[in-house]
Each structure stands twice: as structure tokens, then as C-alpha cells.
>>> print(open('start-v9.json').read())   # JSON, C-alpha atoms (C1' of nucleotides)
[["chain", "number", "residue", "atom", "x", "y", "z"],
["J", 1, "MET", "CA", 10.75, 25.03, -14.79],
["J", 2, "GLU", "CA", 7.13, 24.27, -15.40],
["J", 3, "GLN", "CA", 6.17, 22.23, -18.46],
["J", 4, "ILE", "CA", 3.80, 24.02, -20.82],
["J", 5, "SER", "CA", 1.20, 22.15, -22.85],
["J", 6, "LEU", "CA", 0.67, 23.88, -26.17],
["J", 7, "ASP", "CA", -2.62, 22.08, -26.69],
["J", 8, "GLN", "CA", -3.88, 23.49, -23.45],
["J", 9, "VAL", "CA", -2.78, 27.00, -24.36],
["J", 10, "PHE", "CA", -4.58, 26.74, -27.68],
["J", 11, "ARG", "CA", -7.72, 25.27, -26.19],
["J", 12, "GLU", "CA", -7.92, 27.82, -23.43],
["J", 13, "ASN", "CA", -7.70, 30.62, -25.96],
["J", 14, "ASN", "CA", -10.01, 29.17, -28.58],
["J", 15, "LEU", "CA", -7.29, 28.95, -31.19],
["J", 16, "LYS", "CA", -7.18, 26.14, -33.69],
["J", 17, "ARG", "CA", -4.16, 23.88, -33.43],
["J", 18, "THR", "CA", -2.50, 24.27, -36.84],
["J", 19, "LYS", "CA", 0.96, 23.14, -37.93],
["J", 20, "LEU", "CA", 2.16, 26.69, -38.22],
["J", 21, "ARG", "CA", 0.83, 27.71, -34.84],
["J", 22, "ILE", "CA", 2.46, 24.78, -33.11],
["J", 23, "ALA", "CA", 5.80, 25.52, -34.75],
["J", 24, "LEU", "CA", 5.51, 29.25, -34.19],
["J", 25, "LEU", "CA", 4.61, 29.04, -30.55],
["J", 26, "GLY", "CA", 7.39, 26.48, -30.08],
["J", 27, "CYS", "CA", 9.85, 28.96, -31.56],
["J", 28, "LEU", "CA", 8.67, 31.69, -29.27],
["J", 29, "ILE", "CA", 8.76, 29.52, -26.17],
["J", 30, "ASN", "CA", 12.25, 28.23, -26.85],
["J", 31, "ALA", "CA", 13.69, 31.57, -27.93],
["J", 32, "LYS", "CA", 16.29, 33.04, -25.60],
["J", 33, "HIS", "CA", 15.29, 36.54, -26.63],
["J", 34, "ALA", "CA", 12.52, 38.42, -28.40],
["J", 35, "GLN", "CA", 11.98, 37.57, -32.07],
["J", 36, "SER", "CA", 11.14, 39.80, -35.02],
["J", 37, "TYR", "CA", 9.09, 38.63, -37.99],
["J", 38, "ILE", "CA", 12.34, 37.99, -39.86],
["J", 39, "ASP", "CA", 13.84, 36.04, -36.96],
["J", 40, "LEU", "CA", 10.77, 33.86, -36.74],
["J", 41, "LYS", "CA", 10.59, 33.26, -40.45],
["J", 42, "GLU", "CA", 14.20, 32.08, -40.49],
["J", 43, "ARG", "CA", 13.83, 30.00, -37.36],
["J", 44, "LEU", "CA", 10.75, 28.26, -38.64],
["J", 45, "GLY", "CA", 12.59, 27.04, -41.71],
["J", 46, "ILE", "CA", 9.38, 26.12, -43.53],
["J", 47, "GLU", "CA", 7.88, 28.50, -46.06],
["J", 48, "VAL", "CA", 5.44, 30.76, -44.28],
["J", 49, "ASP", "CA", 3.14, 33.37, -45.64],
["J", 50, "LYS", "CA", 3.85, 36.83, -44.28],
["J", 51, "SER", "CA", 0.27, 37.79, -43.57],
["J", 52, "THR", "CA", -0.48, 34.46, -41.94],
["J", 53, "LEU", "CA", 2.49, 34.86, -39.65],
["J", 54, "TYR", "CA", 1.57, 38.40, -38.69],
["J", 55, "ARG", "CA", -2.05, 37.40, -38.14],
["J", 56, "ASN", "CA", -0.97, 34.64, -35.82],
["J", 57, "LEU", "CA", 1.33, 36.93, -33.91],
["J", 58, "SER", "CA", -1.57, 39.34, -33.46],
["J", 59, "ALA", "CA", -3.85, 36.50, -32.37],
["J", 60, "PHE", "CA", -1.29, 35.28, -29.82],
["J", 61, "GLU", "CA", -0.77, 38.79, -28.58],
["J", 62, "GLU", "CA", -4.48, 39.44, -28.18],
["J", 63, "ALA", "CA", -4.85, 36.19, -26.30],
["J", 64, "GLY", "CA", -2.07, 37.30, -23.98],
["J", 65, "ILE", "CA", 0.14, 34.33, -24.87],
["J", 66, "ILE", "CA", 2.95, 36.53, -26.13],
["J", 67, "HIS", "CA", 3.80, 40.20, -25.90],
["J", 68, "ARG", "CA", 5.11, 42.66, -28.42],
["J", 69, "ILE", "CA", 8.08, 44.91, -27.78],
["J", 70, "ASN", "CA", 8.76, 48.11, -29.67],
["J", 71, "ASP", "CA", 12.27, 49.33, -29.33],
["J", 72, "HIS", "CA", 14.04, 52.20, -31.04],
["J", 73, "SER", "CA", 14.56, 50.16, -34.21],
["J", 74, "GLY", "CA", 10.93, 50.46, -35.24],
["J", 75, "VAL", "CA", 10.67, 46.72, -35.86],
["J", 76, "SER", "CA", 8.30, 44.86, -33.55],
["J", 77, "LYS", "CA", 9.66, 41.92, -31.60],
["J", 78, "TYR", "CA", 7.70, 39.22, -29.88],
["J", 79, "ALA", "CA", 8.33, 37.22, -26.75],
["J", 80, "PHE", "CA", 6.49, 34.43, -24.98],
["J", 81, "GLY", "CA", 4.50, 35.31, -21.89],
["J", 82, "LYS", "CA", 2.94, 38.44, -20.54],
["J", 83, "VAL", "CA", 4.74, 41.64, -19.70],
["J", 84, "ASP", "CA", 3.03, 41.83, -16.37],
["J", 85, "ASN", "CA", 2.40, 38.99, -14.01],
["J", 86, "HIS", "CA", 0.86, 39.14, -10.54],
["J", 87, "GLU", "CA", 4.13, 40.43, -9.10],
["J", 88, "GLY", "CA", 4.73, 43.37, -11.43],
["J", 89, "ASN", "CA", 6.01, 44.16, -14.89],
["J", 90, "HIS", "CA", 9.22, 43.05, -16.47],
["J", 91, "ALA", "CA", 11.59, 45.24, -18.46],
["J", 92, "HIS", "CA", 13.22, 44.64, -21.83],
["J", 93, "PHE", "CA", 16.90, 45.01, -22.52],
["J", 94, "VAL", "CA", 17.89, 46.04, -26.05],
["J", 95, "CYS", "CA", 21.53, 45.58, -27.00],
["J", 96, "GLU", "CA", 22.81, 48.57, -28.95],
["J", 97, "GLN", "CA", 25.31, 46.44, -30.80],
["J", 98, "CYS", "CA", 23.53, 43.26, -31.85],
["J", 99, "GLU", "CA", 19.99, 44.67, -31.40],
["J", 100, "THR", "CA", 18.90, 41.59, -29.51],
["J", 101, "VAL", "CA", 16.00, 42.10, -27.13],
["J", 102, "PHE", "CA", 16.02, 40.23, -23.82],
["J", 103, "CYS", "CA", 13.29, 40.04, -21.22],
["J", 104, "VAL", "CA", 14.76, 41.08, -17.89],
["J", 105, "GLU", "CA", 13.45, 38.72, -15.30],
["J", 106, "GLU", "CA", 13.47, 41.06, -12.34],
["J", 107, "ASN", "CA", 9.97, 42.29, -11.60],
["J", 108, "LEU", "CA", 9.43, 46.01, -11.36],
["J", 109, "ASN", "CA", 6.98, 47.14, -8.85],
["J", 110, "PHE", "CA", 7.15, 50.90, -8.80],
["J", 111, "GLU", "CA", 4.43, 53.44, -9.24],
["J", 112, "ILE", "CA", 4.61, 56.41, -11.52],
["J", 113, "LYS", "CA", 2.53, 59.45, -10.76],
["J", 114, "VAL", "CA", 0.59, 60.55, -13.83],
["J", 115, "PRO", "CA", -1.16, 63.92, -14.21],
["J", 116, "LYS", "CA", -4.68, 64.40, -12.86],
["J", 117, "GLY", "CA", -7.34, 62.68, -14.95],
["J", 118, "PHE", "CA", -4.86, 60.23, -16.50],
["J", 119, "LYS", "CA", -5.41, 56.53, -15.92],
["J", 120, "THR", "CA", -2.54, 54.06, -16.13],
["J", 121, "ARG", "CA", -3.19, 50.64, -17.58],
["J", 122, "SER", "CA", 0.24, 49.23, -18.31],
["J", 123, "VAL", "CA", 3.88, 50.15, -17.96],
["J", 124, "GLN", "CA", 6.64, 49.01, -20.30],
["J", 125, "THR", "CA", 10.29, 49.68, -19.69],
["J", 126, "ILE", "CA", 13.03, 49.47, -22.28],
["J", 127, "ILE", "CA", 16.66, 49.45, -21.21],
["J", 128, "THR", "CA", 19.35, 50.03, -23.80],
["J", 129, "GLY", "CA", 22.97, 49.05, -23.35],
["J", 130, "ILE", "CA", 25.44, 46.33, -24.22],
["J", 131, "CYS", "CA", 24.65, 42.67, -23.70],
["J", 132, "SER", "CA", 27.07, 40.11, -22.29],
["J", 133, "ALA", "CA", 27.83, 38.59, -25.70],
["J", 134, "CYS", "CA", 28.88, 41.91, -27.26],
["H", 1, "MET", "CA", 9.86, 78.97, -17.18],
["H", 2, "GLU", "CA", 13.21, 79.66, -18.69],
["H", 3, "GLN", "CA", 13.39, 81.38, -22.07],
["H", 4, "ILE", "CA", 15.15, 79.35, -24.73],
["H", 5, "SER", "CA", 17.16, 80.98, -27.48],
["H", 6, "LEU", "CA", 16.91, 78.97, -30.67],
["H", 7, "ASP", "CA", 19.95, 80.69, -32.11],
["H", 8, "GLN", "CA", 21.97, 79.57, -29.17],
["H", 9, "VAL", "CA", 20.74, 76.00, -29.44],
["H", 10, "PHE", "CA", 21.68, 75.94, -33.12],
["H", 11, "ARG", "CA", 25.05, 77.52, -32.59],
["H", 12, "GLU", "CA", 25.97, 75.23, -29.74],
["H", 13, "ASN", "CA", 25.21, 72.23, -31.87],
["H", 14, "ASN", "CA", 26.77, 73.44, -35.08],
["H", 15, "LEU", "CA", 23.50, 73.42, -36.96],
["H", 16, "LYS", "CA", 22.72, 75.99, -39.61],
["H", 17, "ARG", "CA", 19.84, 78.29, -38.81],
["H", 18, "THR", "CA", 17.41, 77.59, -41.66],
["H", 19, "LYS", "CA", 13.77, 78.63, -41.99],
["H", 20, "LEU", "CA", 12.60, 75.07, -41.67],
["H", 21, "ARG", "CA", 14.72, 74.33, -38.61],
["H", 22, "ILE", "CA", 13.50, 77.43, -36.83],
["H", 23, "ALA", "CA", 9.88, 76.56, -37.54],
["H", 24, "LEU", "CA", 10.38, 72.89, -36.74],
["H", 25, "LEU", "CA", 12.10, 73.43, -33.45],
["H", 26, "GLY", "CA", 9.48, 76.02, -32.57],
["H", 27, "CYS", "CA", 6.77, 73.43, -33.19],
["H", 28, "LEU", "CA", 8.52, 70.92, -31.00],
["H", 29, "ILE", "CA", 9.14, 73.36, -28.18],
["H", 30, "ASN", "CA", 5.56, 74.60, -28.14],
["H", 31, "ALA", "CA", 3.96, 71.19, -28.53],
["H", 32, "LYS", "CA", 1.99, 69.93, -25.56],
["H", 33, "HIS", "CA", 2.78, 66.35, -26.46],
["H", 34, "ALA", "CA", 5.11, 64.32, -28.67],
["H", 35, "GLN", "CA", 4.75, 64.83, -32.42],
["H", 36, "SER", "CA", 4.92, 62.34, -35.28],
["H", 37, "TYR", "CA", 6.16, 63.21, -38.74],
["H", 38, "ILE", "CA", 2.56, 63.71, -39.83],
["H", 39, "ASP", "CA", 1.75, 65.91, -36.83],
["H", 40, "LEU", "CA", 4.75, 68.09, -37.56],
["H", 41, "LYS", "CA", 4.02, 68.35, -41.24],
["H", 42, "GLU", "CA", 0.48, 69.54, -40.51],
["H", 43, "ARG", "CA", 1.55, 71.87, -37.75],
["H", 44, "LEU", "CA", 4.21, 73.51, -39.88],
["H", 45, "GLY", "CA", 1.67, 74.46, -42.52],
["H", 46, "ILE", "CA", 4.32, 75.19, -45.13],
["H", 47, "GLU", "CA", 5.23, 72.57, -47.72],
["H", 48, "VAL", "CA", 8.05, 70.46, -46.37],
["H", 49, "ASP", "CA", 9.99, 67.71, -48.00],
["H", 50, "LYS", "CA", 9.71, 64.41, -46.20],
["H", 51, "SER", "CA", 13.37, 63.51, -46.27],
["H", 52, "THR", "CA", 14.43, 66.98, -45.19],
["H", 53, "LEU", "CA", 12.10, 66.80, -42.24],
["H", 54, "TYR", "CA", 13.29, 63.36, -41.22],
["H", 55, "ARG", "CA", 16.92, 64.40, -41.63],
["H", 56, "ASN", "CA", 16.38, 67.36, -39.39],
["H", 57, "LEU", "CA", 14.64, 65.27, -36.78],
["H", 58, "SER", "CA", 17.61, 62.89, -36.82],
["H", 59, "ALA", "CA", 20.02, 65.79, -36.55],
["H", 60, "PHE", "CA", 18.12, 67.26, -33.60],
["H", 61, "GLU", "CA", 17.98, 63.88, -31.95],
["H", 62, "GLU", "CA", 21.69, 63.25, -32.39],
["H", 63, "ALA", "CA", 22.44, 66.66, -30.96],
["H", 64, "GLY", "CA", 20.32, 65.77, -27.95],
["H", 65, "ILE", "CA", 17.91, 68.66, -28.55],
["H", 66, "ILE", "CA", 14.92, 66.38, -28.91],
["H", 67, "HIS", "CA", 14.20, 62.73, -28.17],
["H", 68, "ARG", "CA", 12.37, 60.05, -30.07],
["H", 69, "ILE", "CA", 9.68, 57.89, -28.55],
["H", 70, "ASN", "CA", 8.64, 54.53, -29.93],
["H", 71, "ASP", "CA", 5.30, 53.39, -28.65],
["H", 72, "HIS", "CA", 3.22, 50.40, -29.64],
["H", 73, "SER", "CA", 1.93, 52.13, -32.78],
["H", 74, "GLY", "CA", 5.23, 51.70, -34.58],
["H", 75, "VAL", "CA", 5.28, 55.37, -35.59],
["H", 76, "SER", "CA", 8.09, 57.41, -34.07],
["H", 77, "LYS", "CA", 7.19, 60.53, -32.15],
["H", 78, "TYR", "CA", 9.45, 63.36, -31.17],
["H", 79, "ALA", "CA", 9.55, 65.64, -28.18],
["H", 80, "PHE", "CA", 11.71, 68.56, -27.14],
["H", 81, "GLY", "CA", 14.40, 67.96, -24.54],
["H", 82, "LYS", "CA", 16.28, 64.96, -23.32],
["H", 83, "VAL", "CA", 14.78, 61.85, -21.82],
["H", 84, "ASP", "CA", 17.23, 61.90, -19.00],
["H", 85, "ASN", "CA", 18.36, 64.95, -17.11],
["H", 86, "HIS", "CA", 20.66, 65.08, -14.11],
["H", 87, "GLU", "CA", 17.85, 63.99, -11.83],
["H", 88, "GLY", "CA", 16.73, 60.86, -13.65],
["H", 89, "ASN", "CA", 14.67, 59.77, -16.63],
["H", 90, "HIS", "CA", 11.16, 60.75, -17.51],
["H", 91, "ALA", "CA", 8.44, 58.41, -18.67],
["H", 92, "HIS", "CA", 6.05, 58.72, -21.62],
["H", 93, "PHE", "CA", 2.32, 58.32, -21.38],
["H", 94, "VAL", "CA", 0.54, 56.98, -24.47],
["H", 95, "CYS", "CA", -3.22, 57.38, -24.60],
["H", 96, "GLU", "CA", -4.88, 54.25, -25.92],
["H", 97, "GLN", "CA", -7.76, 56.22, -27.34],
["H", 98, "CYS", "CA", -6.30, 59.27, -29.04],
["H", 99, "GLU", "CA", -2.75, 57.87, -29.29],
["H", 100, "THR", "CA", -1.31, 61.10, -27.98],
["H", 101, "VAL", "CA", 2.09, 60.78, -26.31],
["H", 102, "PHE", "CA", 2.80, 62.96, -23.27],
["H", 103, "CYS", "CA", 6.06, 63.36, -21.42],
["H", 104, "VAL", "CA", 5.42, 62.64, -17.76],
["H", 105, "GLU", "CA", 7.25, 65.23, -15.75],
["H", 106, "GLU", "CA", 7.99, 63.14, -12.70],
["H", 107, "ASN", "CA", 11.58, 61.95, -12.70],
["H", 108, "LEU", "CA", 12.19, 58.27, -12.27],
["H", 109, "ASN", "CA", 15.19, 57.31, -10.29],
["H", 110, "PHE", "CA", 15.03, 53.57, -9.88],
["H", 111, "GLU", "CA", 17.60, 50.97, -10.69],
["H", 112, "ILE", "CA", 16.94, 47.80, -12.61],
["H", 113, "LYS", "CA", 19.18, 44.82, -12.09],
["H", 114, "VAL", "CA", 20.34, 43.43, -15.40],
["H", 115, "PRO", "CA", 21.98, 40.01, -15.86],
["H", 116, "LYS", "CA", 25.73, 39.63, -15.32],
["H", 117, "GLY", "CA", 27.80, 41.10, -18.12],
["H", 118, "PHE", "CA", 25.04, 43.44, -19.28],
["H", 119, "LYS", "CA", 25.67, 47.18, -19.18],
["H", 120, "THR", "CA", 22.81, 49.65, -18.95],
["H", 121, "ARG", "CA", 23.09, 52.92, -20.82],
["H", 122, "SER", "CA", 19.57, 54.31, -20.85],
["H", 123, "VAL", "CA", 16.12, 53.48, -19.56],
["H", 124, "GLN", "CA", 12.88, 54.46, -21.28],
["H", 125, "THR", "CA", 9.48, 53.87, -19.79],
["H", 126, "ILE", "CA", 6.19, 53.88, -21.67],
["H", 127, "ILE", "CA", 2.92, 54.01, -19.78],
["H", 128, "THR", "CA", -0.30, 53.23, -21.61],
["H", 129, "GLY", "CA", -3.72, 54.27, -20.41],
["H", 130, "ILE", "CA", -6.36, 56.90, -20.94],
["H", 131, "CYS", "CA", -5.53, 60.61, -20.95],
["H", 132, "SER", "CA", -7.59, 63.29, -19.24],
["H", 133, "ALA", "CA", -9.14, 64.49, -22.50],
["H", 134, "CYS", "CA", -10.49, 61.07, -23.48],
["L", 1, "DT", "C1'", -18.55, 12.09, -42.93],
["L", 2, "DT", "C1'", -20.43, 16.19, -43.15],
["L", 3, "DT", "C1'", -20.33, 20.96, -42.07],
["L", 4, "DC", "C1'", -18.71, 25.49, -41.27],
["L", 5, "DA", "C1'", -16.11, 28.88, -39.20],
["L", 6, "DA", "C1'", -11.60, 29.81, -38.83],
["L", 7, "DA", "C1'", -6.94, 29.60, -40.86],
["L", 8, "DT", "C1'", -4.10, 29.85, -44.86],
["L", 9, "DG", "C1'", -1.90, 31.56, -49.23],
["L", 10, "DC", "C1'", -1.62, 34.89, -52.59],
["L", 11, "DA", "C1'", -1.38, 39.33, -54.62],
["L", 12, "DA", "C1'", -1.82, 43.84, -54.26],
["L", 13, "DC", "C1'", -1.53, 47.65, -51.36],
["L", 14, "DT", "C1'", -0.20, 51.29, -47.66],
["L", 15, "DA", "C1'", 2.75, 54.02, -45.10],
["L", 16, "DA", "C1'", 7.17, 55.08, -42.65],
["L", 17, "DG", "C1'", 11.40, 56.05, -43.39],
["L", 18, "DT", "C1'", 15.87, 56.13, -46.43],
["L", 19, "DT", "C1'", 19.15, 57.18, -50.19],
["L", 20, "DG", "C1'", 21.51, 59.40, -54.06],
["L", 21, "DC", "C1'", 22.10, 63.39, -56.45],
["L", 22, "DA", "C1'", 21.55, 67.95, -58.38],
["L", 23, "DT", "C1'", 20.44, 72.60, -56.68],
["L", 24, "DT", "C1'", 20.20, 76.12, -53.20],
["L", 25, "DT", "C1'", 21.40, 78.64, -49.05],
["L", 26, "DG", "C1'", 23.70, 80.04, -44.66],
["L", 27, "DT", "C1'", 27.75, 81.67, -42.92],
["L", 28, "DA", "C1'", 32.64, 82.52, -42.62],
["L", 29, "DT", "C1'", 36.37, 84.95, -45.09],
["L", 30, "DT", "C1'", 38.34, 88.25, -47.80],
["T", 1, "DA", "C1'", 29.61, 93.60, -50.55],
["T", 2, "DA", "C1'", 31.46, 89.61, -53.19],
["T", 3, "DT", "C1'", 33.23, 85.03, -52.91],
["T", 4, "DA", "C1'", 33.50, 80.34, -51.62],
["T", 5, "DC", "C1'", 32.23, 76.09, -49.74],
["T", 6, "DA", "C1'", 30.12, 72.92, -46.82],
["T", 7, "DA", "C1'", 25.88, 71.94, -45.29],
["T", 8, "DA", "C1'", 20.86, 71.90, -46.11],
["T", 9, "DT", "C1'", 17.16, 71.29, -49.28],
["T", 10, "DG", "C1'", 14.03, 69.21, -52.82],
["T", 11, "DC", "C1'", 12.99, 65.60, -55.72],
["T", 12, "DA", "C1'", 12.39, 60.97, -57.24],
["T", 13, "DA", "C1'", 13.00, 56.51, -56.60],
["T", 14, "DC", "C1'", 13.49, 52.93, -53.40],
["T", 15, "DT", "C1'", 13.11, 49.72, -49.21],
["T", 16, "DT", "C1'", 10.80, 47.33, -45.78],
["T", 17, "DA", "C1'", 7.18, 46.35, -42.18],
["T", 18, "DG", "C1'", 2.87, 45.43, -41.87],
["T", 19, "DT", "C1'", -2.18, 45.17, -43.76],
["T", 20, "DT", "C1'", -6.27, 43.88, -46.54],
["T", 21, "DG", "C1'", -9.49, 41.39, -49.51],
["T", 22, "DC", "C1'", -10.60, 37.22, -51.33],
["T", 23, "DA", "C1'", -10.57, 32.49, -52.89],
["T", 24, "DT", "C1'", -9.13, 27.97, -51.07],
["T", 25, "DT", "C1'", -8.07, 24.74, -47.45],
["T", 26, "DT", "C1'", -8.34, 22.62, -42.92],
["T", 27, "DG", "C1'", -9.36, 21.61, -37.90],
["T", 28, "DA", "C1'", -12.73, 20.19, -34.91],
["T", 29, "DA", "C1'", -17.40, 19.66, -33.50],
["T", 30, "DA", "C1'", -21.84, 17.50, -34.50]]
>>> encode(input="start-v9.json", output="C-alpha cells")
Amino acid sequence: MEQISLDQVFRENNLKRTKLRIALLGCLINAKHAQSYIDLKERLGIEVDKSTLYRNLSAFEEAGIIHRINDHSGVSKYAFGKVDNHEGNHAHFVCEQCETVFCVEENLNFEIKVPKGFKTRSVQTIITGICSAC
Amino acid sequence: MEQISLDQVFRENNLKRTKLRIALLGCLINAKHAQSYIDLKERLGIEVDKSTLYRNLSAFEEAGIIHRINDHSGVSKYAFGKVDNHEGNHAHFVCEQCETVFCVEENLNFEIKVPKGFKTRSVQTIITGICSAC
DNA sequence: TTTCAAATGCAACTAAGTTGCATTTGTATT
DNA sequence: AATACAAATGCAACTTAGTTGCATTTGAAA
């Protein structure tokens, strides 16, 4: 696995290197599955302001550092990396029991025909089922 | 196109045939794209109680009469029919501009490999892009 | 070390969706 | 047609995710 330099990520995206951002991005990188606001808040340990956290998540998302997943629960979850790389998109697996969201590493490279006049920009796939732990 | 009898749908699913349900299901059947709570409320015209509407949407969803779509906006949208029929799943197209959600009629019949121990139950695909009207 | 935009913290707000409970209504039964 | 009862409705109050405006603080560049 390739080592990631946080400093580089921040510099490349014109984001100031603050304590919270370092901790937050660390959380997201090390997470084994997608994290909600609540998950992140707990994981961070330190007291964090809600709006600051959300603003940072938005900033990271806009910069393409993380991506947001919206499953059936209505609560947004965030995961490190982009949904689509040069080889295709990846899917998300949502466990019905524990509600954990995993990024499925297999790349999807299918095309979906859309009606005339429609232009596709991105494709997100959500799989529901039962995870190995449940 | 096949004619649908609302009475039959209600009877089959053990749902009482109320004024609101008839109007609501009518709205959903006739809609050209997926409807949010707000869309439905406006479309119905009549005064509707929020919780009653939501409860009915849940009831319809549980009965498999309609399905719920969760796009990036965080607001649930509802569309008539099931996501998956005997031929595969259908995808949803979300317009980035007008936020309209369309059901894409093409059936998807691909398989996604999930990690060992994971069991897939359903697959939902969301396409974002620009619709023909925008 | 100064400077300034960008980031933070706080409080107040918005909006989606839920819950509990009293009242009403659809339908099955007599 | 009258009765009976569960299921559906309406209302009010609540919960929770996420946002906004603004004063204060801080990172980094000059």
C-alpha cells in the first residue's frame, strides 16, 4: 500500500493544515468503512464543533479527497478517496443489520443507457445485504 | 400499457381504500419522475397531514407498491413500482440542475463481487448528470 | 512580526421525518 | 341498515441532520 502524505494532500488542494483537519483526515483514511458525522465525532475524541466538522467534510468532498455516500438511512457517510478512479466506479455495500457502509473494491465498468438528451456524469451503486460480521 | 386497478392493489396488500391513499397512489402512478414529500403535498392540492402522508408512503413502500430513492440531496423521493423486477434492477437518474429523479427503464443485470462472507440482497444505482429538459 | 484570508466556535435556525394519542372512517358482520 | 372494531387520520410536540451568520482565532505567506 502506498503511503499518503497529508501535508501534500492539503497543499495540493489549498487547504490549511489545522489540528482538526489532520485528525479528521486521519480518521477517514484509517477507517475500515464509511463514517457518519456521529462516527467521526466519537472517533476524534476531542470536542469538535458540529458546523466546523460539516464544513470540513464539505471542503474535503469538494476537493475530491473524500466522497459522500447516501444510503437508505438518510444519514450521509463519508469515505476516503474518490468514487471513480481511472478504471471505473466502485460500489458501496450497506449492511442491513449493523448499517455499516463498506466501499467495495471491485471496479465497475458498465455503461447504462440513458434516455435521449440525458447526459451521464457519475454513477453510484449501493448494495444492501448482510456483512460478514453480522 | 397495462391498466392498473387501485382497488386491487389495495386489496392485495390489505390496505384500506381511503381518499388520501387513492389520490396519493394516483399521483405516484401518473408522475413522470420520483416525488418527494413536498412534491406530493403540492401535487395533491388538498390539505394533508405530514405524518399521515409519511405513514402512507412507508406503508406503500413496505407493501412493495412504491420504492424510495435516496440521492445526494438527502431528501427521500418515491416512485411507483419496484426497483427490481424479474429481469433485473433499474437505475435512477438524478439531474444535477433541476434535481429531478427519473427511473431509467433499462434493466441492469450485472453482478458485483462482494467480499467473502457478505451477502447481497439488493442493488440500487444512482446516475447523476443533466436531464434533457435542462 | 505583521498581515489577512481562511478556519473555528457558538448560537440560533431550518427542514425532514417521527411519535403518542385522541378522533374518525372503512369495512366486515350481524 | 346498524353495529363494532381495527386501522387510518389529524394534531401537536419532538428529534436529529445539517446550515447560516457572525465574532474570534490561527496558519502561512510576505
>>> closest_atom_pairs(input="start-v9.json", of="chain T", to="chain H", cutoff="12 Å", atoms="all atoms listed in the file", output="Markdown table")
| residue | atom | partner | partner_atom | distance |
| --- | --- | --- | --- | --- |
| T:DA6 | C1' | H:Lys16 | CA | 10.8 |
| T:DA7 | C1' | H:Lys16 | CA | 7.7 |
| T:DA8 | C1' | H:Lys16 | CA | 7.9 |
| T:DT9 | C1' | H:Thr52 | CA | 6.5 |
| T:DG10 | C1' | H:Asp49 | CA | 6.5 |
| T:DC11 | C1' | H:Asp49 | CA | 8.5 |
| T:DA12 | C1' | H:Ser51 | CA | 11.3 |
| T:DA17 | C1' | H:Gly74 | CA | 9.5 |
| T:DG18 | C1' | H:Gly74 | CA | 9.9 |
>>> residues_around(input="start-v9.json", residues="J:Ile112", least_positions_apart="5", cutoff="10 Å", atoms="all atoms listed in the file", output="ChimeraX atom specification")
/J:120,123 /H:90-91,104,106-108,125,127
>>> atom_distance(input="start-v9.json", atom1="atom CA of H:Phe102", atom2="atom CA of H:Gly26")
17.4 Å
>>> atom_distance(input="start-v9.json", atom1="atom CA of H:Lys77", atom2="atom C1' of T:DT20")
25.8 Å
>>> closest_atom_pairs(input="start-v9.json", of="chain L", to="chain H", cutoff="9 Å", atoms="all atoms listed in the file", output="tab-separated table")
residue	atom	partner	partner_atom	distance
L:DA16	C1'	H:Val75	CA	7.3
L:DG17	C1'	H:Tyr54	CA	7.9
L:DT18	C1'	H:Ser51	CA	7.8
L:DT25	C1'	H:Thr18	CA	8.5
L:DG26	C1'	H:Lys16	CA	6.5
L:DT27	C1'	H:Lys16	CA	8.3
>>> atom_distance(input="start-v9.json", atom1="atom CA of H:Phe80", atom2="atom CA of J:Glu99")
25.6 Å
>>> interface_residues(input="start-v9.json", of="chain J", to="chain H", cutoff="7 Å", atoms="all atoms listed in the file", output="PDB file with C-alpha atoms, keeping the file's coordinate frame")
ATOM      1  CA  ASN J  70       8.760  48.110 -29.670  1.00  0.00           C
ATOM      2  CA  ASP J  71      12.270  49.330 -29.330  1.00  0.00           C
ATOM      3  CA  HIS J  72      14.040  52.200 -31.040  1.00  0.00           C
ATOM      4  CA  GLY J  74      10.930  50.460 -35.240  1.00  0.00           C
ATOM      5  CA  VAL J 104      14.760  41.080 -17.890  1.00  0.00           C
ATOM      6  CA  GLU J 106      13.470  41.060 -12.340  1.00  0.00           C
ATOM      7  CA  LYS J 113       2.530  59.450 -10.760  1.00  0.00           C
ATOM      8  CA  VAL J 114       0.590  60.550 -13.830  1.00  0.00           C
ATOM      9  CA  GLY J 117      -7.340  62.680 -14.950  1.00  0.00           C
ATOM     10  CA  PHE J 118      -4.860  60.230 -16.500  1.00  0.00           C
ATOM     11  CA  LYS J 119      -5.410  56.530 -15.920  1.00  0.00           C
ATOM     12  CA  THR J 120      -2.540  54.060 -16.130  1.00  0.00           C
ATOM     13  CA  ARG J 121      -3.190  50.640 -17.580  1.00  0.00           C
ATOM     14  CA  SER J 122       0.240  49.230 -18.310  1.00  0.00           C
ATOM     15  CA  VAL J 123       3.880  50.150 -17.960  1.00  0.00           C
ATOM     16  CA  GLN J 124       6.640  49.010 -20.300  1.00  0.00           C
ATOM     17  CA  THR J 125      10.290  49.680 -19.690  1.00  0.00           C
ATOM     18  CA  ILE J 126      13.030  49.470 -22.280  1.00  0.00           C
ATOM     19  CA  ILE J 127      16.660  49.450 -21.210  1.00  0.00           C
ATOM     20  CA  THR J 128      19.350  50.030 -23.800  1.00  0.00           C
ATOM     21  CA  GLY J 129      22.970  49.050 -23.350  1.00  0.00           C
ATOM     22  CA  ILE J 130      25.440  46.330 -24.220  1.00  0.00           C
ATOM     23  CA  CYS J 131      24.650  42.670 -23.700  1.00  0.00           C
ATOM     24  CA  SER J 132      27.070  40.110 -22.290  1.00  0.00           C
TER      25      SER J 132
END
>>> residues_around(input="start-v9.json", residues="T:DT3", least_positions_apart="5", cutoff="12 Å", atoms="only C-alpha atoms (C1' of nucleotides)", output="list in words")
DT27, DA28, DT29 and DT30 of chain L
>>> residues_around(input="start-v9.json", residues="L:DC4", least_positions_apart="2", cutoff="10 Å", atoms="all atoms listed in the file", output="list in words")
DT2 and DA6 of chain L; DA29 of chain T
>>> write_last_selection(input="start-v9.json", atoms="C-alpha atoms (C1' of nucleotides)", output="PDB file, in the coordinates of the input")
ATOM      1  C1'  DT L   2     -20.430  16.190 -43.150  1.00  0.00           C
ATOM      2  C1'  DA L   6     -11.600  29.810 -38.830  1.00  0.00           C
TER       3       DA L   6
ATOM      4  C1'  DA T  29     -17.400  19.660 -33.500  1.00  0.00           C
TER       5       DA T  29
END
>>> closest_residue(input="start-v9.json", among="H:Ala59, H:Ile38, H:Val101, H:Leu28", to="H:Gly81", atoms="all atoms listed in the file")
H:Leu28
